[in-house]
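Trainee: Below you will find the structure I want to go over with you.
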Amino acid sequence: MDDPVIAIKNITKRFGDRVIFDRLSLDIYPGQTLVIMGGSGSGKSTLLRAMMGQVPLDGGEIIAGGRSIGSMTEPQLMDWRKSVGFLFQSGALFNSMTVADNLALTMREHSDLAESTIQIMVKIYLQMVGLRQHLNKMPAELSGGMKKRAGLARALMMQPQIFFYDEPTAGLDPVSSAQIDTLIADLHRKLRVTSVVVTHEIKSAFRVADRMALLHNGKFVVVGAPDEFRSSKDPLIRQFIDGLSVGPLSDPRGHEDYEKDILQLG
């Protein structure tokens, strides 16, 4: 197996008395789409920000490109962030700019390309996400799904080899969610990028994942292929996938104590 492009090594993070990461470890391999799942407030989005170097850790380290993110200089950190495409939950478009200008802004700030070249790139990447005909619209004129696609096109402008998706289908109707998932899968296949998708949407997770990880109580309790999750009898996985109100996710004693109860009852 190839060396990981990102290695999360025994990281810890607390906000006050609340433990977010408890000696959390995970390797992210090139060319894979890794889906990180977990309940609301489990730390999924915080983990993405930590991998971007935006959240200081209390212990452990995250290695990217052979360097520890926590020890990077500011220029090195900026270079790392430029190499990562990031799709925010809202799309994060500037409301005062057209869709085309939202995309062009990235290249105007971070490249020396001629404006004519930038405009060609804007059209190419909007075509890739099915928004070529909407380039002169304002964000307020777009649907939620279209805003997410525009945000994805903007991230593509820098031609990153790693993509982070923060709840890419949150707040969308089922059809728009399926369209976003299909787009993520298509871009992954065509561009051969490494993708990390944070979501609590089970259908979306299974549509895009090569590998899945379930975050609970500051740890990855399960990491494996989608088929392993589908066939698992683990009560924690079953509660999350099946959307059950009763189980270890809602039991304050935790996963192991709940499993012991199940074994005794069985």
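The way I read the labels, and the way they are meant: chains A, B, ... in the order of the structure tokens, residue 1 as the first residue of every chain, and ligand 1 as the first ligand shown, with later ones counted on from there.
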As a ChimeraX atom specification, please: the residues near Thr169 of chain A (cut-off 8 Å, only C-alpha atoms, same-chain neighbours under 4 positions excluded).
Mentor: /A:89,145,176-177,180-181,199,201,204
Trainee: Would you save the residues from that selection as an mmCIF file, in the first residue's frame, using C-alpha atoms?
Mentor:
data_model
loop_
_atom_site.group_PDB
_atom_site.id
_atom_site.type_symbol
_atom_site.label_atom_id
_atom_site.label_comp_id
_atom_site.auth_asym_id
_atom_site.auth_seq_id
_atom_site.Cartn_x
_atom_site.Cartn_y
_atom_site.Cartn_z
ATOM 1 C CA GLN A 89 -21.101 23.554 4.015
ATOM 2 C CA GLY A 145 -27.308 22.721 -4.657
ATOM 3 C CA SER A 176 -29.818 17.686 -5.199
ATOM 4 C CA SER A 177 -27.949 15.500 -2.697
ATOM 5 C CA ILE A 180 -23.699 16.436 -5.564
ATOM 6 C CA ASP A 181 -22.661 12.882 -4.676
ATOM 7 C CA THR A 199 -20.960 13.752 6.577
ATOM 8 C CA GLU A 201 -25.797 11.470 5.618
ATOM 9 C CA SER A 204 -24.319 10.021 0.585
#
Trainee: Show me, as a VMD selection string, the residues that have an atom within 12 Å of Asp79 of chain A when counting only C-alpha atoms, minus same-chain residues fewer than 2 positions from it.
Mentor: chain A and resid 52 to 53 64 to 65 69 72 to 77 81 to 84 110 158 160
Trainee: If we count only C-alpha atoms, what is near segment 194-196 of chain A at a cut-off of 8 Å, once residues fewer than 5 positions away on the same chain are taken out, given as a VMD selection string?
Mentor: chain A and resid 29 to 36 161 to 165 188
Trainee: Could you save those same residues with C-alpha atoms as a PDB file, in the first residue's frame?
Mentor:
ATOM      1  CA  TYR A  29      -4.169   7.179   1.369  1.00  0.00           C
ATOM      2  CA  PRO A  30      -3.680   8.693  -2.096  1.00  0.00           C
ATOM      3  CA  GLY A  31      -6.473   8.321  -4.608  1.00  0.00           C
ATOM      4  CA  GLN A  32      -9.059   7.190  -2.073  1.00  0.00           C
ATOM      5  CA  THR A  33     -12.311   8.804  -1.007  1.00  0.00           C
ATOM      6  CA  LEU A  34     -12.456   8.541   2.771  1.00  0.00           C
ATOM      7  CA  VAL A  35     -15.793   9.328   4.393  1.00  0.00           C
ATOM      8  CA  ILE A  36     -15.701  10.401   8.043  1.00  0.00           C
ATOM      9  CA  GLN A 161      -4.700  16.874  -5.428  1.00  0.00           C
ATOM     10  CA  ILE A 162      -6.590  16.664  -2.117  1.00  0.00           C
ATOM     11  CA  PHE A 163     -10.209  17.679  -1.504  1.00  0.00           C
ATOM     12  CA  PHE A 164     -11.951  18.225   1.806  1.00  0.00           C
ATOM     13  CA  TYR A 165     -15.758  18.244   1.752  1.00  0.00           C
ATOM     14  CA  HIS A 188     -12.714  11.760  -8.061  1.00  0.00           C
TER      15      HIS A 188
END
Trainee: To one decimal place in Å, what is the distance between atom CA of Arg14 of chain A and atom CA of Asp58 of chain A?
Mentor: 7.1 Å
Trainee: When you draw a straight line from atom CA of Ile237 of chain A to atom CA of Ile8 of chain A, how long is it in Å?
Mentor: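 Separation between atom CA of Ile237 of chain A and atom CA of Ile8 of chain A: 22.3 Å.
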Trainee: Step one, run DSSP on the backbone; step two, keep only residues of segment 175-226 of chain A assigned to strand (DSSP E or B); then write them as a ChimeraX atom specification.
Mentor: /A:194-199,211-216,219-224
Trainee: Can you tell me, as a PyMOL selection string, what residues are no more than 7 Å from Lys9 of chain A when counting only C-alpha atoms, ignoring any on the same chain fewer than 4 positions away?
Mentor: chain A and resi 24-26+60-62
Trainee: Give me, as a list in words, all polymer residues having an atom no more than 8 Å from segment 223-228 of chain A, counting only C-alpha atoms and skipping those fewer than 2 positions away in the same chain.
Mentor: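 What passes the distance filter is Phe206, Ala209, Asp210, Arg211, Met212, Ala213, Leu214, Phe220, Val221, Arg230, Ser231 and Ser232 of chain A.
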Trainee: Considering only C-alpha atoms, tabulate each residue of segment 134-244 of chain A that lies at most 10 Å from segment 90-103 of chain A along with its nearest interatomic pair and the corresponding distance in Å to one decimal; arrange the rows by chain and ascending residue number and present them as JSON lines.
Mentor:
{"residue": "A:His134", "atom": "CA", "partner": "A:Val99", "partner_atom": "CA", "distance": 7.3}
{"residue": "A:Leu135", "atom": "CA", "partner": "A:Ala100", "partner_atom": "CA", "distance": 4.8}
{"residue": "A:Asn136", "atom": "CA", "partner": "A:Thr98", "partner_atom": "CA", "distance": 5.4}
{"residue": "A:Lys137", "atom": "CA", "partner": "A:Thr98", "partner_atom": "CA", "distance": 5.4}
{"residue": "A:Met138", "atom": "CA", "partner": "A:Thr98", "partner_atom": "CA", "distance": 4.5}
{"residue": "A:Pro139", "atom": "CA", "partner": "A:Asn95", "partner_atom": "CA", "distance": 5.6}
{"residue": "A:Ala140", "atom": "CA", "partner": "A:Asn95", "partner_atom": "CA", "distance": 6.8}
{"residue": "A:Glu141", "atom": "CA", "partner": "A:Thr98", "partner_atom": "CA", "distance": 9.8}
{"residue": "A:Leu142", "atom": "CA", "partner": "A:Val99", "partner_atom": "CA", "distance": 9.3}
{"residue": "A:Gly144", "atom": "CA", "partner": "A:Ser90", "partner_atom": "CA", "distance": 7.9}
{"residue": "A:Gly145", "atom": "CA", "partner": "A:Gly91", "partner_atom": "CA", "distance": 9.0}
{"residue": "A:Met146", "atom": "CA", "partner": "A:Gly91", "partner_atom": "CA", "distance": 9.0}
{"residue": "A:Lys147", "atom": "CA", "partner": "A:Gly91", "partner_atom": "CA", "distance": 5.5}
{"residue": "A:Lys148", "atom": "CA", "partner": "A:Gly91", "partner_atom": "CA", "distance": 4.7}
{"residue": "A:Arg149", "atom": "CA", "partner": "A:Gly91", "partner_atom": "CA", "distance": 7.7}
{"residue": "A:Ala150", "atom": "CA", "partner": "A:Val99", "partner_atom": "CA", "distance": 7.0}
{"residue": "A:Gly151", "atom": "CA", "partner": "A:Gly91", "partner_atom": "CA", "distance": 4.6}
{"residue": "A:Leu152", "atom": "CA", "partner": "A:Gly91", "partner_atom": "CA", "distance": 7.5}
{"residue": "A:Ala153", "atom": "CA", "partner": "A:Leu103", "partner_atom": "CA", "distance": 7.2}
{"residue": "A:Arg154", "atom": "CA", "partner": "A:Leu103", "partner_atom": "CA", "distance": 4.7}
{"residue": "A:Ala155", "atom": "CA", "partner": "A:Leu103", "partner_atom": "CA", "distance": 8.2}
{"residue": "A:Leu156", "atom": "CA", "partner": "A:Leu103", "partner_atom": "CA", "distance": 9.1}
{"residue": "A:Met157", "atom": "CA", "partner": "A:Leu103", "partner_atom": "CA", "distance": 7.1}
{"residue": "A:Met158", "atom": "CA", "partner": "A:Leu103", "partner_atom": "CA", "distance": 9.9}
{"residue": "A:Asp166", "atom": "CA", "partner": "A:Ser90", "partner_atom": "CA", "distance": 9.1}
{"residue": "A:Glu167", "atom": "CA", "partner": "A:Ser90", "partner_atom": "CA", "distance": 9.0}
{"residue": "A:Pro168", "atom": "CA", "partner": "A:Ser90", "partner_atom": "CA", "distance": 8.4}
{"residue": "A:Thr169", "atom": "CA", "partner": "A:Ser90", "partner_atom": "CA", "distance": 9.7}
{"residue": "A:Ala170", "atom": "CA", "partner": "A:Ser90", "partner_atom": "CA", "distance": 8.5}
{"residue": "A:Gly171", "atom": "CA", "partner": "A:Ser90", "partner_atom": "CA", "distance": 9.1}
Trainee: Pick from A:Ser42, A:Gln54, A:Ser143, A:Gln159: nearest to Leu172 of chain A, with only C-alpha atoms counted?
Mentor: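 Under the stated criterion, the closest residue is A:Ser143.
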Trainee: With only C-alpha atoms as the counted atoms, please give the residues lying no more than 12 Å from Arg18 of chain A, apart from itself and same-chain residues fewer than 4 positions off, as a ChimeraX atom specification.
Mentor: /A:12-14,22,41-43,217-218
Trainee: Go through A:Leu183, A:Leu191, A:Ala104, A:Ile20 one by one, measure the shortest atom-to-atom distance of each to His216 of chain A using only C-alpha atoms, and give the residue with the smallest value.
Mentor: A:Ile20
Trainee: List every residue of segment 146-244 of chain A that DSSP, applied to the backbone of this structure, places in helix (DSSP H, G or I), and write the result as a ChimeraX atom specification.
Mentor: /A:146-156,174-191,202-208,226-231,235-242
Trainee: Just the selected residues (N, CA and C atoms), exported as a short mmCIF file (atom, residue, chain, number, x, y, z; two decimals), in the first residue's frame, please.
Mentor:
data_model
loop_
_atom_site.label_atom_id
_atom_site.label_comp_id
_atom_site.auth_asym_id
_atom_site.auth_seq_id
_atom_site.Cartn_x
_atom_site.Cartn_y
_atom_site.Cartn_z
N MET A 146 -26.90 24.44 -6.32
CA MET A 146 -26.08 25.18 -7.28
C MET A 146 -24.96 25.94 -6.58
N LYS A 147 -25.24 26.47 -5.40
CA LYS A 147 -24.19 27.16 -4.63
C LYS A 147 -23.07 26.20 -4.26
N LYS A 148 -23.46 24.98 -3.88
CA LYS A 148 -22.43 23.99 -3.53
C LYS A 148 -21.60 23.63 -4.76
N ARG A 149 -22.25 23.51 -5.91
CA ARG A 149 -21.49 23.19 -7.12
C ARG A 149 -20.57 24.34 -7.52
N ALA A 150 -21.04 25.57 -7.33
CA ALA A 150 -20.18 26.72 -7.62
C ALA A 150 -18.99 26.75 -6.67
N GLY A 151 -19.23 26.43 -5.39
CA GLY A 151 -18.14 26.37 -4.43
C GLY A 151 -17.13 25.29 -4.80
N LEU A 152 -17.61 24.19 -5.32
CA LEU A 152 -16.73 23.11 -5.75
C LEU A 152 -15.90 23.54 -6.95
N ALA A 153 -16.55 24.23 -7.90
CA ALA A 153 -15.82 24.72 -9.08
C ALA A 153 -14.72 25.69 -8.66
N ARG A 154 -15.01 26.53 -7.68
CA ARG A 154 -14.00 27.47 -7.20
C ARG A 154 -12.80 26.72 -6.60
N ALA A 155 -13.08 25.67 -5.82
CA ALA A 155 -12.00 24.88 -5.25
C ALA A 155 -11.18 24.19 -6.34
N LEU A 156 -11.82 23.78 -7.42
CA LEU A 156 -11.13 23.11 -8.52
C LEU A 156 -10.16 24.03 -9.25
N PRO A 174 -33.34 15.44 -1.58
CA PRO A 174 -32.73 14.17 -2.00
C PRO A 174 -32.17 14.18 -3.42
N VAL A 175 -32.85 14.86 -4.35
CA VAL A 175 -32.36 14.90 -5.72
C VAL A 175 -31.06 15.70 -5.82
N SER A 176 -31.03 16.87 -5.18
CA SER A 176 -29.82 17.69 -5.20
C SER A 176 -28.67 16.98 -4.50
N SER A 177 -28.98 16.26 -3.40
CA SER A 177 -27.95 15.50 -2.70
C SER A 177 -27.33 14.44 -3.61
N ALA A 178 -28.19 13.72 -4.33
CA ALA A 178 -27.69 12.69 -5.24
C ALA A 178 -26.84 13.30 -6.35
N GLN A 179 -27.22 14.48 -6.83
CA GLN A 179 -26.45 15.15 -7.87
C GLN A 179 -25.07 15.55 -7.37
N ILE A 180 -24.99 16.06 -6.14
CA ILE A 180 -23.70 16.44 -5.56
C ILE A 180 -22.83 15.20 -5.38
N ASP A 181 -23.42 14.12 -4.87
CA ASP A 181 -22.66 12.88 -4.68
C ASP A 181 -22.12 12.36 -6.00
N THR A 182 -22.94 12.39 -7.03
CA THR A 182 -22.51 11.92 -8.35
C THR A 182 -21.37 12.78 -8.87
N LEU A 183 -21.47 14.10 -8.64
CA LEU A 183 -20.41 15.00 -9.07
C LEU A 183 -19.11 14.72 -8.34
N ILE A 184 -19.19 14.50 -7.03
CA ILE A 184 -17.99 14.17 -6.24
C ILE A 184 -17.34 12.90 -6.76
N ALA A 185 -18.16 11.87 -7.01
CA ALA A 185 -17.63 10.60 -7.50
C ALA A 185 -17.02 10.76 -8.89
N ASP A 186 -17.67 11.53 -9.77
CA ASP A 186 -17.16 11.74 -11.12
C ASP A 186 -15.83 12.48 -11.11
N LEU A 187 -15.75 13.54 -10.29
CA LEU A 187 -14.51 14.31 -10.22
C LEU A 187 -13.38 13.47 -9.64
N HIS A 188 -13.72 12.65 -8.66
CA HIS A 188 -12.71 11.76 -8.06
C HIS A 188 -12.15 10.81 -9.11
N ARG A 189 -13.05 10.26 -9.92
CA ARG A 189 -12.62 9.30 -10.94
C ARG A 189 -11.81 9.98 -12.05
N LYS A 190 -12.26 11.16 -12.50
CA LYS A 190 -11.61 11.83 -13.62
C LYS A 190 -10.28 12.48 -13.21
N LEU A 191 -10.24 13.07 -12.03
CA LEU A 191 -9.06 13.83 -11.61
C LEU A 191 -8.11 13.02 -10.75
N ILE A 202 -26.09 9.06 5.57
CA ILE A 202 -25.67 7.69 5.28
C ILE A 202 -25.73 7.37 3.79
N LYS A 203 -26.80 7.76 3.11
CA LYS A 203 -26.91 7.46 1.68
C LYS A 203 -25.76 8.10 0.92
N SER A 204 -25.43 9.33 1.25
CA SER A 204 -24.32 10.02 0.58
C SER A 204 -23.01 9.30 0.85
N ALA A 205 -22.80 8.88 2.09
CA ALA A 205 -21.57 8.20 2.45
C ALA A 205 -21.35 6.96 1.59
N PHE A 206 -22.38 6.14 1.44
CA PHE A 206 -22.23 4.91 0.67
C PHE A 206 -22.10 5.18 -0.82
N ARG A 207 -22.62 6.31 -1.29
CA ARG A 207 -22.51 6.62 -2.72
C ARG A 207 -21.09 7.00 -3.12
N VAL A 208 -20.31 7.59 -2.22
CA VAL A 208 -19.01 8.13 -2.63
C VAL A 208 -17.81 7.42 -2.02
N PRO A 226 -16.93 0.18 2.70
CA PRO A 226 -18.39 0.32 2.81
C PRO A 226 -19.11 -1.01 3.03
N ASP A 227 -18.66 -2.08 2.36
CA ASP A 227 -19.32 -3.38 2.53
C ASP A 227 -19.19 -3.90 3.96
N GLU A 228 -18.08 -3.57 4.62
CA GLU A 228 -17.91 -3.97 6.01
C GLU A 228 -18.93 -3.27 6.91
N PHE A 229 -19.21 -2.01 6.60
CA PHE A 229 -20.21 -1.27 7.36
C PHE A 229 -21.61 -1.81 7.10
N ARG A 230 -21.90 -2.11 5.83
CA ARG A 230 -23.23 -2.62 5.48
C ARG A 230 -23.53 -3.94 6.18
N SER A 231 -22.54 -4.81 6.28
CA SER A 231 -22.77 -6.15 6.81
C SER A 231 -22.49 -6.26 8.31
N PRO A 235 -23.39 -3.01 17.23
CA PRO A 235 -24.55 -2.20 17.58
C PRO A 235 -24.35 -0.70 17.34
N LEU A 236 -23.12 -0.22 17.47
CA LEU A 236 -22.87 1.20 17.23
C LEU A 236 -23.04 1.53 15.74
N ILE A 237 -22.47 0.69 14.87
CA ILE A 237 -22.62 0.91 13.43
C ILE A 237 -24.08 0.78 13.02
N ARG A 238 -24.76 -0.25 13.54
CA ARG A 238 -26.15 -0.47 13.17
C ARG A 238 -27.03 0.71 13.61
N GLN A 239 -26.78 1.25 14.80
CA GLN A 239 -27.58 2.38 15.25
C GLN A 239 -27.38 3.58 14.32
N PHE A 240 -26.12 3.85 13.94
CA PHE A 240 -25.84 5.00 13.10
C PHE A 240 -26.42 4.81 11.70
N ILE A 241 -26.19 3.64 11.10
CA ILE A 241 -26.64 3.41 9.73
C ILE A 241 -28.16 3.31 9.64
N ASP A 242 -28.77 2.64 10.63
CA ASP A 242 -30.22 2.42 10.59
C ASP A 242 -31.01 3.56 11.23
#
Trainee: So that I can see what lies close to His200 of chain A, please list as an NGL selection string the residues with an atom at most 7 Å from it, counting only C-alpha atoms and leaving out residues fewer than 2 positions away in the same chain.
Mentor: :A and (37-39 or 202)
